[in-house]
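Q: Can you read through this structure? Questions will come right after.
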Amino acid sequence: MTFYVSDVAQPLSDARSFSHDAICKILEDHGGTDPVGVDSHFPCYEIDQEEVDMEEAKLIGEGAYGEIYLVNWRGTEVAAKTIRSSIASNPKVKDSFMKELALWQKLRHPNIVQFLGVVNNSDRLIFLTEYLRNGSLYDILRKKGRLDPQTAVSYALDIARGMNYLHHHKPHAIIHRDLTPRNVLQDESGRLKVTDFGLSKINQQKDLGYKMTGRTDRYMAPEVYRRELYGKAVDVFSFSLIVFEMFQGKPSNLAEDAERVADRRAYEDYRPPLSSSLFPESIKA
Ligand SMILES: Nc1ncnc2c1ncn2[C@@H]1O[C@H](COP(=O)(O)OP(=O)(O)OP(=O)(O)O)[C@@H](O)[C@H]1O
């Protein structure tokens with residue numbers, strides 16, 4: 001049987017990204033290689049800071065990692081994501097971020113937010129992605145509440161196509177791990193696109209000195225919450241909760257603290273009830 005480097009490479013790439021130095025050493029001693037790391041320390045799409053006028057930037061959102069601005073780049077409106085200096089100043093964390101961005105820059109799919117490049121020589125860590133004018137699915141659901149079944153199914157298919165592309169990535173599947181309505185954005189034509197995959201992994205790093213906001217817990221798969229080994233199924237879990245929310249109009253157990261909900265799902269096998277009046281049988285299945 002022939003083994004390609006890519007077949008054995010992921011353990012070392014993963015160990016490096018989680019800063020498990022002792023495990024890295026064992027894998028290196030046994031011939032492990034890290035193609036994810038080798039070519040990904042320096043994303044090739046570097047954008048000169050002169051090309052992006054951050055003084056003129058308009059704040060459009062704030063996430064766990066930093067602020068998001070609308071900026072003009074080469075005559076085009078794009079989103080500039082800034083990473084808090086408390087996060088970016090940690091060399092290990094910055095390295096992990098750059099690796100995730102290097103992976104993102106290779107992806108091209110109609111349902112994946114297009115990465116454009118990293119702004120170089122900036123005193124802050126800033127990267128550009130396409131700008132999606134209609135905001136996030138979170139905003140849409142807050143504004144509209146329950147969606148009609150046709151729209152919900154069409155949105156679900158958009159998300160599923162984007163996720164399917166990530167899960168079929170070669171040589172290794174890309175697991176989002178943090179799929180939530182806030183990480184699904186809508187373009188002007190109404191198409192949904194998935195964003196920010198892989199970045200959530202960074203918050204698992206030790207010595208990070210940074211705590212993720214609890215709001216992602218509401219969509220978190222039990223095995224992620226329990227900090228166990230996980231696979232593509234964790235994204236399917238989050239996806240199904242998003243579909244639930246599109247039919248129901250709001251997340252399950254909204255009144256309950258997100259961490260408590262995740263805890264009950266992880267340790268009491270709790271799942272949201274699917275009322276027959278809202279959920280067609282095919283969607284329930
Ligand atoms: N490419 C983009 N185009 C348009 N708006 C965006 C874009 N990226 C982010 N936003 C807006 O900024 C908000 C915050 O984005 P960001 O991805 O940083 O954080 P989040 O997903 O809300 O939270 P977290 O970082 O915890 O996952 C989004 O909810 C969205 O409204």
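Lettering and numbering for the structure tokens are positional, with chains as A, B, ... in the shown order, residues counted from 1 in each chain, and ligands counted from 1 in the shown order.
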Please find the residues contacting ligand 1 at a distance of at most 10 Å between atoms, with only C-alpha atoms and all ligand atoms counted, and report them as a PyMOL selection string.
A: chain A and resi 59-70+77-83+113-115+128-140+178-187+193-197+199-200+212-216
Q: Report as JSON, numbers by chain all protein, DNA and RNA residues lying within 9 Å of range 277-285 of chain A, evaluated on only C-alpha atoms, omitting residues in the same chain fewer than 5 positions from it.
A: {"A": [149, 153, 243, 244, 247, 248]}
Q: Store the residues of this selection in a file with N, CA and C atoms, as a tab-separated table (two decimals), in the first residue's frame.
A:
chain	number	residue	atom	x	y	z
A	149	PRO	N	-41.03	28.28	4.73
A	149	PRO	CA	-40.28	27.04	4.51
A	149	PRO	C	-39.42	27.06	3.25
A	153	VAL	N	-35.43	26.48	3.38
A	153	VAL	CA	-34.78	25.36	2.68
A	153	VAL	C	-33.70	25.89	1.73
A	243	VAL	N	-30.91	25.30	11.08
A	243	VAL	CA	-32.15	24.99	10.34
A	243	VAL	C	-33.34	25.08	11.30
A	244	PHE	N	-33.17	24.54	12.50
A	244	PHE	CA	-34.21	24.62	13.52
A	244	PHE	C	-34.62	26.09	13.72
A	247	PHE	N	-36.75	27.70	10.97
A	247	PHE	CA	-38.15	27.28	10.98
A	247	PHE	C	-38.88	27.81	12.21
A	248	GLN	N	-38.19	27.89	13.31
A	248	GLN	CA	-38.80	28.27	14.58
A	248	GLN	C	-38.81	29.79	14.78
Q: When DSSP is applied to the backbone of this structure, which of range 54-221 of chain A are assigned alpha helix (DSSP H)? Write them out as number ranges by chain.
A: A: 85-88, 91-104, 137-144, 149-167
Q: Output N, CA and C atoms of each residue in that selection to a file, as a tab-separated table (two decimals), in the first residue's frame.
A:
chain	number	residue	atom	x	y	z
A	85	SER	N	-5.04	43.34	19.53
A	85	SER	CA	-3.59	43.18	19.76
A	85	SER	C	-3.32	42.21	20.90
A	86	SER	N	-4.28	42.09	21.86
A	86	SER	CA	-4.09	41.13	22.96
A	86	SER	C	-4.02	39.70	22.43
A	87	ILE	N	-4.63	39.46	21.26
A	87	ILE	CA	-4.59	38.13	20.66
A	87	ILE	C	-3.39	38.03	19.71
A	88	ALA	N	-3.26	39.05	18.85
A	88	ALA	CA	-2.24	38.99	17.80
A	88	ALA	C	-0.82	39.13	18.34
A	91	PRO	N	2.79	35.28	19.87
A	91	PRO	CA	3.36	34.73	18.63
A	91	PRO	C	2.72	33.41	18.21
A	92	LYS	N	2.41	32.54	19.21
A	92	LYS	CA	1.83	31.24	18.84
A	92	LYS	C	0.44	31.42	18.24
A	93	VAL	N	-0.30	32.35	18.84
A	93	VAL	CA	-1.65	32.58	18.36
A	93	VAL	C	-1.61	33.22	16.97
A	94	LYS	N	-0.70	34.16	16.80
A	94	LYS	CA	-0.58	34.82	15.51
A	94	LYS	C	-0.21	33.79	14.44
A	95	ASP	N	0.70	32.89	14.80
A	95	ASP	CA	1.12	31.85	13.88
A	95	ASP	C	-0.07	30.98	13.47
A	96	SER	N	-0.89	30.61	14.47
A	96	SER	CA	-2.07	29.79	14.17
A	96	SER	C	-3.04	30.56	13.26
A	97	PHE	N	-3.20	31.82	13.55
A	97	PHE	CA	-4.09	32.64	12.74
A	97	PHE	C	-3.61	32.65	11.28
A	98	MET	N	-2.30	32.87	11.12
A	98	MET	CA	-1.76	32.95	9.76
A	98	MET	C	-1.96	31.63	9.01
A	99	LYS	N	-1.83	30.52	9.76
A	99	LYS	CA	-2.04	29.22	9.12
A	99	LYS	C	-3.48	29.06	8.65
A	100	GLU	N	-4.41	29.46	9.52
A	100	GLU	CA	-5.81	29.34	9.15
A	100	GLU	C	-6.13	30.23	7.95
A	101	LEU	N	-5.53	31.42	7.93
A	101	LEU	CA	-5.77	32.34	6.82
A	101	LEU	C	-5.16	31.79	5.53
A	102	ALA	N	-3.98	31.15	5.67
A	102	ALA	CA	-3.33	30.59	4.49
A	102	ALA	C	-4.19	29.48	3.87
A	103	LEU	N	-4.87	28.76	4.75
A	103	LEU	CA	-5.76	27.71	4.26
A	103	LEU	C	-6.98	28.35	3.59
A	104	TRP	N	-7.52	29.36	4.24
A	104	TRP	CA	-8.72	30.06	3.73
A	104	TRP	C	-8.46	30.65	2.34
A	137	LEU	N	-26.88	36.03	8.92
A	137	LEU	CA	-28.15	35.31	9.10
A	137	LEU	C	-28.73	35.64	10.47
A	138	TYR	N	-27.86	35.91	11.42
A	138	TYR	CA	-28.30	36.33	12.77
A	138	TYR	C	-29.14	37.61	12.66
A	139	ASP	N	-28.64	38.59	11.88
A	139	ASP	CA	-29.38	39.85	11.69
A	139	ASP	C	-30.72	39.58	11.01
A	140	ILE	N	-30.68	38.72	9.98
A	140	ILE	CA	-31.90	38.42	9.21
A	140	ILE	C	-32.95	37.79	10.11
A	141	LEU	N	-32.54	36.82	10.93
A	141	LEU	CA	-33.50	36.13	11.80
A	141	LEU	C	-34.04	37.05	12.89
A	142	ARG	N	-33.19	37.95	13.34
A	142	ARG	CA	-33.67	38.90	14.37
A	142	ARG	C	-34.71	39.84	13.78
A	143	LYS	N	-34.48	40.23	12.51
A	143	LYS	CA	-35.39	41.16	11.85
A	143	LYS	C	-36.69	40.47	11.45
A	144	LYS	N	-36.56	39.28	10.81
A	144	LYS	CA	-37.73	38.63	10.21
A	144	LYS	C	-38.38	37.58	11.08
A	149	PRO	N	-41.03	28.28	4.73
A	149	PRO	CA	-40.28	27.04	4.51
A	149	PRO	C	-39.42	27.06	3.25
A	150	GLN	N	-39.91	27.70	2.18
A	150	GLN	CA	-39.14	27.72	0.93
A	150	GLN	C	-37.81	28.49	1.12
A	151	THR	N	-37.90	29.64	1.79
A	151	THR	CA	-36.68	30.43	2.03
A	151	THR	C	-35.75	29.66	2.96
A	152	ALA	N	-36.32	29.06	4.01
A	152	ALA	CA	-35.49	28.32	4.97
A	152	ALA	C	-34.74	27.19	4.27
A	153	VAL	N	-35.43	26.48	3.38
A	153	VAL	CA	-34.78	25.36	2.68
A	153	VAL	C	-33.70	25.89	1.73
A	154	SER	N	-34.01	27.00	1.05
A	154	SER	CA	-33.02	27.56	0.13
A	154	SER	C	-31.77	28.04	0.89
A	155	TYR	N	-31.98	28.67	2.04
A	155	TYR	CA	-30.84	29.10	2.88
A	155	TYR	C	-30.06	27.87	3.38
A	156	ALA	N	-30.82	26.85	3.81
A	156	ALA	CA	-30.16	25.63	4.32
A	156	ALA	C	-29.27	25.02	3.24
A	157	LEU	N	-29.78	25.03	1.98
A	157	LEU	CA	-28.98	24.45	0.89
A	157	LEU	C	-27.72	25.27	0.64
A	158	ASP	N	-27.83	26.60	0.73
A	158	ASP	CA	-26.63	27.44	0.56
A	158	ASP	C	-25.57	27.07	1.60
A	159	ILE	N	-26.01	26.97	2.86
A	159	ILE	CA	-25.05	26.66	3.94
A	159	ILE	C	-24.48	25.25	3.71
A	160	ALA	N	-25.37	24.31	3.37
A	160	ALA	CA	-24.93	22.92	3.18
A	160	ALA	C	-23.92	22.82	2.04
A	161	ARG	N	-24.12	23.60	0.97
A	161	ARG	CA	-23.17	23.53	-0.16
A	161	ARG	C	-21.81	24.06	0.25
A	162	GLY	N	-21.82	25.17	0.99
A	162	GLY	CA	-20.54	25.73	1.47
A	162	GLY	C	-19.83	24.75	2.39
A	163	MET	N	-20.61	24.16	3.32
A	163	MET	CA	-20.02	23.24	4.29
A	163	MET	C	-19.53	21.96	3.61
A	164	ASN	N	-20.29	21.51	2.59
A	164	ASN	CA	-19.91	20.30	1.87
A	164	ASN	C	-18.55	20.49	1.19
A	165	TYR	N	-18.36	21.70	0.64
A	165	TYR	CA	-17.06	22.03	0.01
A	165	TYR	C	-15.93	21.96	1.06
A	166	LEU	N	-16.18	22.53	2.24
A	166	LEU	CA	-15.15	22.49	3.29
A	166	LEU	C	-14.86	21.06	3.71
A	167	HIS	N	-15.93	20.27	3.86
A	167	HIS	CA	-15.75	18.89	4.32
A	167	HIS	C	-15.07	18.01	3.27
Q: I'd like the contact shell of range 46-57 of chain A - 9 Å cut-off, only C-alpha atoms, skipping same-chain residues fewer than 2 positions apart - returned as a list in words.
A: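 Listing them by chain and then by number gives Phe42, Pro43, Cys44, Leu59, Tyr69, Leu70, Val71, Asn72, Trp73, Arg74, Ala80, Leu116, Gly117, Val118, Val119, Asn120, Asn121, Ser122, Phe127 and Leu128 of chain A.
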Q: In range 182-278 of chain A, what's strand (DSSP E) per DSSP? Answer as a PDB file with C-alpha atoms, in the first residue's frame?
A:
ATOM      1  CA  VAL A 184     -23.286  32.947   7.774  1.00  0.00           C
ATOM      2  CA  LEU A 185     -23.462  36.135   5.695  1.00  0.00           C
ATOM      3  CA  GLN A 186     -25.753  37.172   2.847  1.00  0.00           C
ATOM      4  CA  LEU A 192     -25.697  32.862   1.883  1.00  0.00           C
ATOM      5  CA  LYS A 193     -21.984  32.282   2.422  1.00  0.00           C
ATOM      6  CA  VAL A 194     -20.125  30.684   5.308  1.00  0.00           C
TER       7      VAL A 194
END
Q: If you measure from CA of Ile26 in chain A to CA of Glu223 in chain A, what distance in Å do you get, rounded to one decimal?
A: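 Separation of CA of Ile26 in chain A and CA of Glu223 in chain A: 26.1 Å.
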Q: Report, in Å to a single decimal, how far apart CA of Met220 in chain A and CA of Val234 in chain A are.
A: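 About the pair CA of Val234 in chain A and CA of Met220 in chain A: they are 7.5 Å apart.
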Q: Figure out the distance between CA of Gly231 in chain A and CA of His169 in chain A, please, to one decimal in Å.
A: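 Between CA of His169 in chain A and CA of Gly231 in chain A the gap works out to 13.5 Å.
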Q: Looking at only C-alpha atoms, which of A:Lys232, A:Arg218, A:Arg227, A:Lys170 is the one that sits closest to Asp257 in chain A?
A: A:Arg218
Q: Tell me which of A:Glu245, A:Arg264, A:Arg191, A:Asp21 sits closest to Ala221 in chain A, counting only C-alpha atoms.
A: A:Arg264
Q: Mind checking which residues fall within 7 Å of Asp235 in chain A, counting only C-alpha atoms, ignoring those fewer than 5 positions away in the same chain, and posting them as a PyMOL selection string?
A: chain A and resi 175-177+179
Q: Those selected residues, please, written with N, CA and C atoms and delivered as a CSV table (one decimal), in the first residue's frame.
A:
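The result, stored in again.csv:
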chain,number,residue,atom,x,y,z
A,175,ILE,N,-12.9,21.4,9.1
A,175,ILE,CA,-14.1,21.4,10.0
A,175,ILE,C,-14.3,22.8,10.6
A,176,HIS,N,-15.5,23.3,10.4
A,176,HIS,CA,-15.7,24.7,10.8
A,176,HIS,C,-15.6,24.8,12.4
A,177,ARG,N,-16.4,24.0,13.0
A,177,ARG,CA,-16.4,23.9,14.5
A,177,ARG,C,-17.2,25.1,15.2
A,179,LEU,N,-19.9,26.9,13.5
A,179,LEU,CA,-21.0,27.4,12.6
A,179,LEU,C,-22.2,27.9,13.4
Q: Which is closest to Ser189 in chain A among A:Tyr45, A:Pro110, A:Leu254, A:Met246, if we use only C-alpha atoms?
A: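 Checking each of A:Tyr45, A:Pro110, A:Leu254, A:Met246 against Ser189 in chain A, counting only C-alpha atoms, the winner is A:Pro110.
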Q: Which residue out of A:Glu228, A:Arg260, A:Gly32, A:Gly249 has the minimum interatomic distance to Asp148 in chain A when only C-alpha atoms are used?
A: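 Nearest candidate to Asp148 in chain A out of A:Glu228, A:Arg260, A:Gly32, A:Gly249: A:Gly249.
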